[in-house]
Structure formats: C-alpha cells, structure tokens
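Undergrad: work12.txt is reproduced in full below (compact mmCIF, C-alpha atoms).
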```txt
# COMPACT_ATOMS: atom_id res chain seq x y z
CA MET A 7 1.31 -15.98 -20.21
CA LYS A 8 0.96 -17.91 -16.96
CA ILE A 9 2.05 -15.88 -13.93
CA LEU A 10 2.44 -17.00 -10.33
CA HIS A 11 2.40 -14.26 -7.67
CA VAL A 12 3.80 -15.26 -4.27
CA THR A 13 2.94 -13.25 -1.15
CA SER A 14 2.67 -13.95 2.56
CA HIS A 15 -1.07 -13.48 3.08
CA LEU A 16 -4.15 -11.75 1.70
CA ASN A 17 -5.20 -9.64 4.67
CA ILE A 18 -6.06 -5.96 4.27
CA GLY A 19 -2.92 -3.93 3.63
CA GLY A 20 -0.84 -2.20 1.01
CA VAL A 21 1.06 -5.23 -0.28
CA THR A 22 -2.09 -7.33 -0.61
CA ARG A 23 -3.89 -4.54 -2.40
CA SER A 24 -0.97 -4.09 -4.77
CA VAL A 25 -0.89 -7.82 -5.56
CA LEU A 26 -4.64 -7.98 -6.18
CA SER A 27 -4.70 -4.82 -8.30
CA LEU A 28 -1.84 -5.98 -10.50
CA SER A 29 -3.18 -9.53 -10.76
CA GLU A 30 -6.67 -8.37 -11.69
CA ALA A 31 -5.32 -6.08 -14.41
CA LEU A 32 -3.08 -8.81 -15.81
CA ALA A 33 -5.99 -11.26 -15.89
CA ALA A 34 -8.09 -8.66 -17.71
CA ARG A 35 -5.39 -8.57 -20.39
CA GLY A 36 -5.72 -12.29 -20.98
CA HIS A 37 -3.00 -13.71 -18.77
CA ARG A 38 -3.57 -16.73 -16.54
CA VAL A 39 -2.80 -15.48 -13.02
CA LEU A 40 -2.30 -17.59 -9.89
CA VAL A 41 -1.75 -16.20 -6.40
CA ALA A 42 0.09 -18.27 -3.80
CA ALA A 43 -0.64 -16.98 -0.29
CA ASP A 44 -1.65 -18.11 3.18
CA GLY A 45 -5.30 -17.06 2.92
CA GLY A 46 -6.62 -13.95 4.61
CA ALA A 47 -9.60 -11.61 4.75
CA LEU A 48 -9.43 -10.82 1.02
CA ALA A 49 -8.81 -14.36 -0.26
CA ALA A 50 -12.48 -14.72 -1.21
CA GLN A 51 -12.03 -11.94 -3.77
CA LEU A 52 -9.66 -13.99 -5.93
CA PRO A 53 -12.23 -16.00 -7.93
CA VAL A 54 -14.38 -12.88 -8.30
CA LEU A 55 -11.39 -11.14 -9.90
CA GLY A 56 -10.71 -14.06 -12.22
CA LEU A 57 -7.71 -15.30 -10.21
CA THR A 58 -6.75 -18.74 -8.86
CA HIS A 59 -5.63 -19.16 -5.25
CA TRP A 60 -2.93 -21.65 -4.36
CA PRO A 61 -3.00 -21.85 -0.51
CA VAL A 62 0.47 -22.09 1.02
CA PRO A 63 1.63 -21.70 4.66
CA LEU A 64 3.54 -18.43 4.24
CA HIS A 65 2.07 -16.14 6.91
CA THR A 66 5.40 -15.49 8.61
CA SER A 67 8.06 -12.81 8.54
CA ALA A 68 10.89 -15.25 9.36
CA GLU A 69 12.78 -16.30 6.25
CA PHE A 70 14.12 -19.40 8.05
CA SER A 71 10.69 -20.51 9.27
CA PRO A 72 9.61 -24.12 8.58
CA ARG A 73 6.61 -22.55 6.84
CA VAL A 74 8.89 -21.29 4.09
CA PHE A 75 10.23 -24.78 3.36
CA SER A 76 6.71 -26.23 3.52
CA ALA A 77 5.49 -23.59 1.05
CA PHE A 78 8.36 -24.44 -1.29
CA ARG A 79 7.51 -28.15 -1.25
CA ARG A 80 3.82 -27.49 -1.86
CA LEU A 81 4.44 -25.07 -4.70
CA SER A 82 6.99 -27.40 -6.28
CA ALA A 83 4.32 -30.08 -6.45
CA GLN A 84 1.78 -27.61 -7.88
CA LEU A 85 4.19 -26.40 -10.55
CA ALA A 86 4.99 -29.96 -11.58
CA GLY A 87 1.35 -30.33 -12.62
CA GLU A 88 0.78 -26.78 -13.83
CA PRO A 89 3.98 -25.00 -14.88
CA VAL A 90 4.07 -21.23 -15.22
CA ASP A 91 6.11 -18.82 -17.31
CA ILE A 92 7.17 -16.45 -14.55
CA ILE A 93 7.11 -16.12 -10.76
CA HIS A 94 6.59 -12.74 -9.12
CA ALA A 95 7.37 -12.44 -5.39
CA HIS A 96 6.09 -9.57 -3.22
CA THR A 97 7.36 -10.22 0.33
CA ARG A 98 10.68 -11.31 1.78
CA VAL A 99 9.54 -14.87 2.48
CA GLY A 100 7.93 -14.91 -0.96
CA GLN A 101 11.29 -13.94 -2.47
CA VAL A 102 13.05 -16.79 -0.66
CA VAL A 103 10.48 -19.31 -1.93
CA ALA A 104 10.57 -17.85 -5.45
CA ALA A 105 14.36 -18.06 -5.61
CA ARG A 106 14.31 -21.75 -4.71
CA LEU A 107 11.47 -22.50 -7.13
CA SER A 108 13.28 -20.62 -9.88
CA ARG A 109 16.41 -22.73 -9.45
CA ALA A 110 14.52 -26.00 -9.13
CA ALA A 111 12.10 -25.51 -12.02
CA ARG A 112 14.17 -23.12 -14.17
CA ILE A 113 11.46 -20.48 -14.14
CA PRO A 114 12.49 -16.79 -14.20
CA TYR A 115 11.33 -14.71 -11.29
CA VAL A 116 10.71 -11.08 -10.45
CA ALA A 117 10.89 -9.57 -6.96
CA THR A 118 9.01 -6.39 -6.05
CA TRP A 119 10.40 -4.45 -3.08
CA HIS A 120 7.57 -2.58 -1.38
CA GLY A 121 9.72 -0.76 1.17
CA PHE A 122 13.08 -0.44 2.90
CA PHE A 123 14.82 -3.37 4.59
CA ARG A 124 17.87 -3.74 6.80
CA PRO A 125 20.78 -5.69 5.30
CA ASN A 126 20.68 -8.56 7.81
CA LEU A 127 22.58 -11.83 7.59
CA GLY A 128 19.81 -13.59 5.69
CA ARG A 129 19.71 -10.95 2.98
CA ARG A 130 23.49 -11.01 2.68
CA LEU A 131 23.60 -14.79 2.29
CA TRP A 132 20.45 -15.08 0.16
CA PRO A 133 19.67 -11.76 -1.58
CA CYS A 134 16.79 -13.36 -3.54
CA ALA A 135 16.44 -10.11 -5.49
CA GLY A 136 15.10 -11.80 -8.59
CA ASP A 137 16.20 -11.96 -12.21
CA ARG A 138 14.62 -8.52 -12.27
CA THR A 139 13.92 -6.35 -9.23
CA ILE A 140 11.05 -3.86 -9.17
CA ALA A 141 11.41 -0.81 -6.94
CA ILE A 142 8.15 1.03 -6.22
CA SER A 143 9.81 4.44 -5.77
CA GLU A 144 13.12 6.12 -6.51
CA PRO A 145 14.14 6.11 -2.81
CA VAL A 146 13.57 2.34 -2.75
CA ARG A 147 15.64 1.97 -5.92
CA GLN A 148 18.51 3.91 -4.36
CA HIS A 149 18.19 1.82 -1.18
CA LEU A 150 18.49 -1.39 -3.19
CA ILE A 151 21.62 -0.15 -4.95
CA ARG A 152 23.42 1.47 -2.03
CA VAL A 153 22.38 -0.61 0.97
CA LEU A 154 21.39 -4.05 -0.33
CA ARG A 155 23.90 -4.03 -3.21
CA VAL A 156 21.44 -5.14 -5.89
CA PRO A 157 23.02 -4.61 -9.32
CA GLU A 158 21.55 -1.45 -10.83
CA ALA A 159 21.12 -3.07 -14.25
CA ARG A 160 18.60 -5.54 -12.80
CA ILE A 161 16.39 -2.92 -11.14
CA ARG A 162 13.31 -1.41 -12.77
CA LEU A 163 11.51 1.58 -11.24
CA ILE A 164 7.74 0.96 -11.40
CA PRO A 165 5.65 3.08 -9.01
CA HIS A 166 2.29 1.83 -7.82
CA GLY A 167 -0.78 2.66 -9.85
CA ILE A 168 -4.50 2.83 -9.19
CA ASP A 169 -7.67 3.21 -11.22
CA PRO A 170 -8.85 6.75 -10.37
CA THR A 171 -12.26 6.31 -12.02
CA PRO A 172 -14.13 4.87 -9.00
CA PHE A 173 -12.91 7.76 -6.86
CA GLU A 174 -14.40 10.29 -9.26
CA ARG A 175 -17.91 8.89 -8.98
CA PRO A 176 -20.34 10.22 -6.36
CA VAL A 177 -20.20 8.15 -3.17
CA ASP A 178 -23.38 6.33 -2.15
CA PRO A 179 -24.99 8.41 0.65
CA ALA A 180 -26.11 5.19 2.31
CA ALA A 181 -22.49 4.00 2.50
CA GLN A 182 -21.50 7.31 4.05
CA GLU A 183 -24.27 7.05 6.62
CA ARG A 184 -23.34 3.47 7.53
CA LEU A 185 -19.78 4.58 8.15
CA ARG A 186 -20.91 7.55 10.25
CA VAL A 187 -22.95 5.22 12.44
CA GLN A 188 -20.15 2.65 12.65
CA ALA A 189 -17.61 5.30 13.71
CA HIS A 190 -20.06 7.32 15.86
CA LEU A 191 -19.26 10.36 13.72
CA PRO A 192 -21.61 13.38 14.00
CA GLN A 193 -23.50 14.65 10.98
CA THR A 194 -21.94 18.11 11.08
CA GLY A 195 -18.56 19.72 11.71
CA PRO A 196 -15.16 19.49 9.97
CA VAL A 197 -13.47 16.09 9.73
CA ILE A 198 -9.85 15.21 9.16
CA GLY A 199 -8.76 11.65 8.71
CA THR A 200 -6.06 9.11 8.03
CA ILE A 201 -5.82 5.54 6.75
CA ALA A 202 -3.08 3.55 8.43
CA ARG A 203 -2.23 0.28 10.08
CA LEU A 204 -2.29 1.01 13.80
CA VAL A 205 1.30 0.27 14.72
CA ALA A 206 3.85 2.45 16.47
CA SER A 207 5.90 3.12 13.34
CA LYS A 208 3.02 4.95 11.66
CA GLY A 209 2.94 7.80 14.18
CA VAL A 210 -0.83 7.90 14.61
CA ASP A 211 -0.18 8.96 18.20
CA GLN A 212 1.42 12.16 16.88
CA LEU A 213 -1.74 12.98 14.94
CA ILE A 214 -3.89 12.43 18.03
CA ARG A 215 -1.55 14.63 20.12
CA SER A 216 -1.89 17.42 17.56
CA LEU A 217 -5.71 17.35 17.69
CA PRO A 218 -6.07 19.57 20.81
CA LEU A 219 -3.93 22.18 19.04
CA MET A 220 -6.21 22.09 16.01
CA ARG A 221 -9.34 22.30 18.14
CA ARG A 222 -8.20 25.59 19.64
CA SER A 223 -9.12 27.13 16.26
CA LEU A 224 -11.82 24.62 15.31
CA PRO A 225 -13.53 23.28 18.47
CA GLN A 226 -15.91 21.01 16.52
CA LEU A 227 -13.13 19.28 14.58
CA ARG A 228 -13.26 15.46 14.48
CA LEU A 229 -10.60 12.88 13.60
CA LEU A 230 -11.59 9.74 11.66
CA ILE A 231 -9.06 6.88 11.79
CA ILE A 232 -9.40 4.04 9.29
CA GLY A 233 -7.31 0.99 10.04
CA ASP A 234 -6.58 -1.48 12.79
CA GLY A 235 -3.63 -3.03 14.54
CA PRO A 236 -2.01 -3.79 17.88
CA ALA A 237 -1.57 -0.12 18.82
CA ARG A 238 -5.30 0.65 18.81
CA PRO A 239 -5.92 0.16 22.57
CA ALA A 240 -2.99 2.44 23.42
CA LEU A 241 -4.20 5.07 20.94
CA GLU A 242 -7.69 4.98 22.45
CA ARG A 243 -6.19 5.46 25.91
CA LEU A 244 -4.08 8.34 24.64
CA ALA A 245 -7.13 10.11 23.21
CA GLY A 246 -8.82 9.79 26.60
CA ALA A 247 -5.76 10.93 28.54
CA ILE A 248 -5.43 14.18 26.59
CA GLY A 249 -9.14 14.92 26.62
CA VAL A 250 -10.14 14.29 22.99
CA ALA A 251 -11.74 10.84 23.23
CA GLU A 252 -15.10 12.17 22.03
CA ALA A 253 -13.41 13.71 18.96
CA VAL A 254 -11.43 10.65 17.81
CA HIS A 255 -13.40 8.06 15.86
CA PHE A 256 -11.96 4.61 15.09
CA ALA A 257 -13.68 2.81 12.22
CA GLY A 258 -11.38 -0.22 11.88
CA ALA A 259 -9.95 -1.63 8.66
CA LEU A 260 -12.06 -1.21 5.52
CA PRO A 261 -11.56 -3.03 2.20
CA ASP A 262 -13.05 -0.03 0.36
CA THR A 263 -12.09 3.43 1.64
CA ARG A 264 -13.97 5.65 -0.81
CA ALA A 265 -16.81 6.44 1.60
CA ALA A 266 -14.32 7.24 4.37
CA LEU A 267 -12.29 9.56 2.16
CA SER A 268 -15.44 11.36 1.03
CA LEU A 269 -16.11 12.31 4.67
CA MET A 270 -12.65 13.82 5.20
CA ASP A 271 -12.08 17.53 4.62
CA VAL A 272 -8.30 16.97 4.90
CA PHE A 273 -6.36 13.72 4.59
CA VAL A 274 -3.30 13.28 6.83
CA PHE A 275 -0.79 10.79 5.45
CA LEU A 276 1.38 9.03 8.03
CA PRO A 277 4.05 6.88 6.37
CA ALA A 278 6.29 4.56 8.34
CA GLU A 279 10.07 4.75 8.03
CA GLU A 280 10.16 1.46 6.12
CA GLU A 281 7.31 2.42 3.79
CA GLY A 282 8.32 2.77 0.16
CA PHE A 283 5.27 4.52 -1.24
CA GLY A 284 1.75 4.39 0.22
CA LEU A 285 -1.36 3.46 -1.76
CA SER A 286 -3.64 5.35 0.65
CA LEU A 287 -1.86 8.53 -0.47
CA LEU A 288 -2.86 7.85 -4.09
CA ASP A 289 -6.42 7.07 -2.98
CA ALA A 290 -6.68 10.39 -1.18
CA MET A 291 -5.23 12.23 -4.16
CA ALA A 292 -7.67 10.50 -6.53
CA SER A 293 -10.51 11.43 -4.16
CA ALA A 294 -9.48 15.07 -4.47
CA ARG A 295 -8.64 15.51 -0.79
CA PRO A 296 -6.19 18.18 0.37
CA ILE A 297 -3.10 16.35 1.66
CA VAL A 298 -1.00 16.99 4.73
CA ALA A 299 1.84 14.46 4.95
CA VAL A 300 4.47 13.77 7.57
CA ARG A 301 7.88 13.71 5.90
CA ARG A 302 9.01 10.25 6.91
CA GLY A 303 10.31 7.20 5.08
CA GLY A 304 11.22 8.77 1.74
CA GLY A 305 8.65 7.14 -0.54
CA ALA A 306 5.71 9.48 0.03
CA SER A 307 7.99 12.51 0.08
CA TRP A 308 9.32 11.45 -3.32
CA VAL A 309 5.79 11.38 -4.74
CA LEU A 310 4.86 14.78 -3.31
CA ASP A 311 8.20 16.46 -3.98
CA GLN A 312 7.86 15.85 -7.72
CA VAL A 313 4.72 17.97 -7.98
CA ASP A 314 3.16 20.90 -6.19
CA VAL A 315 0.64 18.83 -4.24
CA GLY A 316 -0.12 18.94 -0.55
CA THR A 317 1.85 20.14 2.45
CA GLN A 318 4.61 18.18 4.19
CA VAL A 319 5.66 18.65 7.80
CA ALA A 320 8.51 17.32 9.88
CA PRO A 321 7.85 14.29 12.11
CA GLU A 322 7.49 14.77 15.86
CA ASN A 323 6.20 18.33 15.36
CA ALA A 324 2.61 18.47 16.56
CA GLN A 325 2.34 22.23 16.13
CA ALA A 326 3.50 22.16 12.51
CA LEU A 327 1.05 19.37 11.74
CA ALA A 328 -1.79 21.23 13.43
CA ASP A 329 -0.97 24.49 11.62
CA ALA A 330 -0.90 22.81 8.20
CA VAL A 331 -4.26 21.11 8.72
CA VAL A 332 -5.94 24.24 10.07
CA ARG A 333 -4.69 26.31 7.12
CA TYR A 334 -6.49 24.03 4.68
CA LEU A 335 -9.65 23.92 6.79
CA GLN A 336 -9.78 27.70 7.06
CA ASN A 337 -8.85 28.44 3.44
CA GLY A 338 -11.34 26.73 1.18
CA GLU A 339 -9.84 28.16 -2.00
CA ALA A 340 -6.37 26.79 -1.25
CA ALA A 341 -7.83 23.44 -0.22
CA CYS A 342 -9.85 23.18 -3.42
CA ARG A 343 -6.86 24.07 -5.56
CA ALA A 344 -4.64 21.51 -3.82
CA ALA A 345 -7.32 18.83 -4.15
CA GLY A 346 -7.71 19.40 -7.88
CA GLN A 347 -3.97 19.25 -8.43
CA ALA A 348 -3.74 16.00 -6.49
CA ARG A 349 -6.37 14.30 -8.62
CA ALA A 350 -4.73 15.47 -11.85
CA VAL A 351 -1.36 14.08 -10.77
CA VAL A 352 -2.80 10.61 -10.10
CA LYS A 353 -4.45 10.48 -13.53
CA GLU A 354 -1.30 11.65 -15.27
CA ARG A 355 1.40 9.69 -13.42
CA TYR A 356 -0.06 6.87 -11.35
CA SER A 357 -2.61 4.97 -13.41
CA VAL A 358 -2.88 1.21 -13.08
CA ALA A 359 -2.64 0.90 -16.90
CA ARG A 360 0.81 2.53 -16.85
CA MET A 361 1.93 0.22 -14.03
CA VAL A 362 0.75 -2.93 -15.82
CA ASP A 363 2.39 -1.86 -19.10
CA GLN A 364 5.70 -1.56 -17.29
CA VAL A 365 5.34 -4.85 -15.40
CA GLU A 366 4.48 -6.67 -18.63
CA ALA A 367 7.62 -5.20 -20.18
CA VAL A 368 9.68 -6.63 -17.31
CA TYR A 369 8.11 -10.04 -17.81
CA GLY A 370 8.89 -9.74 -21.51
CA GLU A 371 12.59 -9.22 -20.74
CA LEU A 372 12.67 -12.64 -19.09
CA VAL A 373 10.20 -14.77 -21.01
CA SER A 374 10.78 -15.67 -24.64
CA THR A 375 7.61 -15.46 -26.75
CA SER A 376 8.44 -18.88 -28.13
CA VAL A 377 7.90 -20.53 -24.74
CA VAL A 378 5.00 -18.50 -23.37
CA ARG A 379 2.19 -20.80 -22.31
CA SER A 380 -1.32 -20.03 -23.43
CA PRO A 381 -3.63 -18.66 -20.66
```
Take the structure from the file and write it as structure tokens.

TA:
Amino acid sequence: MKILHVTSHLNIGGVTRSVLSLSEALAARGHRVLVAADGGALAAQLPVLGLTHWPVPLHTSAEFSPRVFSAFRRLSAQLAGEPVDIIHAHTRVGQVVAARLSRAARIPYVATWHGFFRPNLGRRLWPCAGDRTIAISEPVRQHLIRVLRVPEARIRLIPHGIDPTPFERPVDPAAQERLRVQAHLPQTGPVIGTIARLVASKGVDQLIRSLPLMRRSLPQLRLLIIGDGPARPALERLAGAIGVAEAVHFAGALPDTRAALSLMDVFVFLPAEEEGFGLSLLDAMASARPIVAVRRGGGASWVLDQVDVGTQVAPENAQALADAVVRYLQNGEAACRAAGQARAVVKERYSVARMVDQVEAVYGELVSTSVVRSP
C-alpha cells in the first residue's frame, strides 16, 4: 500500500514523533510511505527510516494561509505522477489539504486528532475530519463527538504506542555524562525532571514554584527540564527570582530522551489543556520512572486513571505537587513498585505494534485490496 502522511513540519515534538514512529513501522511492514511536511530538525531522519520526504510549505497554524493552497497545488502535482492509496493527515492544516486532495484525486483520507480544538468558524465550515477519524484517547473521542460534531460511526479510538524495548536497555554512561555536563547537573543528589515544550500552557512555572517546597525536605534536590520554547527566558528568570536558579537545569530539546529519563528519580508530567495524550508520559513509564502528573487536559488522566500507576495532583497546587514528589523520593519501596507497574502497563497496552495493527485496519476499511498499489 502507498501511504501519504501530511503534517505541518518535522521539528521535535509529539506530533512529529507520532508521525515518524507510525511511518517507520508501516514501512517496516512493507508499505511505501511518503511524508509531506515543511522540513524541520528531524527531516534528515526520513531516508534513514526508509521514508520519502515530499517538501511542502505547511509550517503554519492558519488554515486560510496561502501556504495551505500552495501545499495543495504542489501535492496535486506530485500525486499526478505518483498516486497513493490513502492520505493520512495529522495537523489541522494537513487535514484541510488532505480534504481537498481527497476530493480532487478521489483518494480516501484519514485524519488523526492529537488533541482538543475549539469549534471555530473554519472547523464549522470545513470539518475536514476524514473518511475515518482517529482519536488518540477516549477524552479526545468524546470531544470530537460532543463539541466538533464528528459522526461517532466514523471515529476510531487508537491510542499512541511506543516500542518499550530501547527503554529497557542500560543507558550508555557516556551519554549520561554528556547530558550532565550539558545541563550543568551535579554527579550526586536526587533529581526530578520533566519533558515539555516550554510554553505557558504546560505549567512548567508551577513545577519551578513547587521546588522550594520540595527542597525544605530534600535540600540537595535538582530539577532537570528537557525541552525548549518561547517561555524559557521567563522560566529562567522565575527560578532566579525565587532563589532556586542553581537547582534548575535546562537541557533544551533532545531527539532521544532515554539518557535524560535515566537521570530522573521521579518524572513530573505536565500536560497542556489541549493535549490529548502525551508521548513523554509513555516514555517515562517505559523507563520505569515513578510518575507524578498534573491532572490537566484529560488525555493523560485517562491513561493513568485506567490503571494504578503514578500519582495525580490538581493544577495550581504547588504544595500538593511537592508533597507527591517528596513521598516518592523518601519511600524507595513505593517508588520502585510504581515504576514497575508503569513499565508493565506500557508493554501490555501501549505497544507500537498494537497501534500499527489498528491503523492498518482503518486503512483497510477505506482501501479495497483490488486497487492497492504495490510498495
């Protein structure tokens, strides 16, 4: 089967990682996979993963942007020379382009919804929800039905999946040391950490504000922050203003977070309101880290509510967050038990093989075997 994925860009982030993970697994199963995107930091990985990159000017969040129409024209020309069996869109602008391509070329298309979206005028006029709509969590599925009015019969619930095997292997000590040097992290003392895009909606400032409360019990405690974004300067100033600058370590965005997770004694998950799931949560679970999560957004809470894994705290409650983290750090037996449960849940429920099986089944609903093109 020939599959065209359409996304805005290939910079580090949850959507990009999801696209690359799914595309790589589909290619490994013998499909011909093309990825249309506006370049990005991870674009060079495509040929390494056995994927073909079709560059298109889609790095925009505006569905009425001229870039969207330019991307449609370019992809129309590409498809005229190399038709595909199915189009799979992963961002709002990707959905708009996929809908137009589907009508013009009579190619079925699938739309994955990676989070929650307001029902604005554009979405009312052009839902672009796909011939099939994939929701990455049950809260997202309910949102699509109740808020965006997507017909329930067209929605398929397919949570994200990862390959837990790399997280079970010992981490290279040299990689750990390089990260310690990069983040100016001491060799000793407890470390908590998070992986998040540094934007206001993630609430990283709340985690920093809770650090002085944690350090009352654990004075040597350090906070390792993996990720980057426009809020970083303000977060650095905040750490200085409340007297914990020397204890907060910013390492920037990392394409591979295994070394970072291996340095964390507790992982703090900070979902945004619009976030439908959170791959970094699965990474931390696969790495056997005790989890403390802020109950925000619905997607992560849905994952954790289904099983007895981790501790969830209310947003905007620095004391509750501090207490939950300190409990794990001071109770090694409870932390170890929670970590083991987290890893087991990922292997049982959130494998990439399960995800790809379900996505292939969705493709199969739309593509007749008699017209499938050879890879």

Undergrad: Identify, on the basis of only C-alpha atoms, every residue whose closest approach to Gln226 in chain A does not exceed 12 Å; exclude the query and any residue fewer than 4 positions from it along the same chain; express the result as a PDB file with C-alpha atoms, keeping the file's coordinate frame.

TA:
```
ATOM      1  CA  LEU A 191     -19.260  10.360  13.720  1.00  0.00           C
ATOM      2  CA  PRO A 192     -21.610  13.380  14.000  1.00  0.00           C
ATOM      3  CA  GLN A 193     -23.500  14.650  10.980  1.00  0.00           C
ATOM      4  CA  THR A 194     -21.940  18.110  11.080  1.00  0.00           C
ATOM      5  CA  GLY A 195     -18.560  19.720  11.710  1.00  0.00           C
ATOM      6  CA  PRO A 196     -15.160  19.490   9.970  1.00  0.00           C
ATOM      7  CA  VAL A 197     -13.470  16.090   9.730  1.00  0.00           C
ATOM      8  CA  ILE A 198      -9.850  15.210   9.160  1.00  0.00           C
ATOM      9  CA  LEU A 217      -5.710  17.350  17.690  1.00  0.00           C
ATOM     10  CA  PRO A 218      -6.070  19.570  20.810  1.00  0.00           C
ATOM     11  CA  MET A 220      -6.210  22.090  16.010  1.00  0.00           C
ATOM     12  CA  ARG A 221      -9.340  22.300  18.140  1.00  0.00           C
ATOM     13  CA  ARG A 222      -8.200  25.590  19.640  1.00  0.00           C
ATOM     14  CA  VAL A 250     -10.140  14.290  22.990  1.00  0.00           C
ATOM     15  CA  GLU A 252     -15.100  12.170  22.030  1.00  0.00           C
ATOM     16  CA  ALA A 253     -13.410  13.710  18.960  1.00  0.00           C
ATOM     17  CA  VAL A 254     -11.430  10.650  17.810  1.00  0.00           C
ATOM     18  CA  LEU A 335      -9.650  23.920   6.790  1.00  0.00           C
TER      19      LEU A 335
END
```

Undergrad: Please provide the set of residues having any atom within 10 Å of Ile214 in chain A, restricted to only C-alpha atoms, with same-chain residues fewer than 5 positions apart removed, written as a list in words.

TA: Gly209, Leu219, Leu229, Ile231, Leu241, Glu242, Leu244, Ala245, Ile248, Val250, Ala251, Ala253, Val254 and Ala324 of chain A

Undergrad: Which residue is closest to Gly233 in chain A? Choose from A:Leu213, A:Leu150, A:Ile201, A:Ser207 and count only C-alpha atoms.

TA: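 Comparing A:Leu213, A:Leu150, A:Ile201, A:Ser207 against Gly233 in chain A, the winner is A:Ile201.
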
Undergrad: Smallest atom-to-atom distance to Val116 in chain A: which of A:Ala42, A:Leu10, A:Leu16, A:Leu327, using all atoms listed in the file?

TA: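 The shortest atom-to-atom distance to Val116 in chain A comes from A:Leu10.
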
Undergrad: I need the residue nearest Asn17 in chain A from this list: A:Gly235, A:Gly284, A:Gly370, A:Gly128. Use all atoms listed in the file for the distance.

TA: A:Gly235

Undergrad: Give me the range 345-370 of chain A side of the contact with range 160-179 of chain A, cut-off 7 Å, one line per residue showing its nearest atom pair and distance in Å at one decimal, counting only C-alpha atoms, sorted by chain and residue number, as a tab-separated table.

TA:
```
residue	atom	partner	partner_atom	distance
A:Lys353	CA	A:Pro170	CA	6.6
A:Tyr356	CA	A:Gly167	CA	4.5
A:Ser357	CA	A:Gly167	CA	4.6
A:Val358	CA	A:Gly167	CA	4.1
A:Met361	CA	A:Gly167	CA	5.5
A:Gln364	CA	A:Ile164	CA	6.7
```

Undergrad: Return the single residue from A:Phe78, A:Trp119, A:Phe273, A:Tyr334 that is closest to Arg295 in chain A, with distances computed using only C-alpha atoms.

TA: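 Comparing A:Phe78, A:Trp119, A:Phe273, A:Tyr334 against Arg295 in chain A, the winner is A:Phe273.
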
Undergrad: Report, in Å with one decimal, the straight-line distance from CA of Val12 in chain A to CA of Ala77 in chain A.

TA: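 The value is 10.0 Å.
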
Undergrad: Between A:Ala345, A:Leu81, A:Ile92, A:Ala278, single out the one closest to Leu372 in chain A, counting all atoms listed in the file.

TA: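 Among the listed residues, the smallest separation from Leu372 in chain A belongs to A:Ile92.
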
Undergrad: Could you please determine the separation between CA of Ala299 in chain A and CA of Phe275 in chain A in Å, to one decimal place?

TA: 4.5 Å

Undergrad: In the coordinates of the file, take the point (14.3, -14.2, -9.9) and a cut-off of 10 Å; then, counting only C-alpha atoms, name each qualifying protein, DNA or RNA residue as an NGL selection string.

TA: :A and (92-95 or 101-102 or 104-109 or 112-117 or 134-139 or 372)
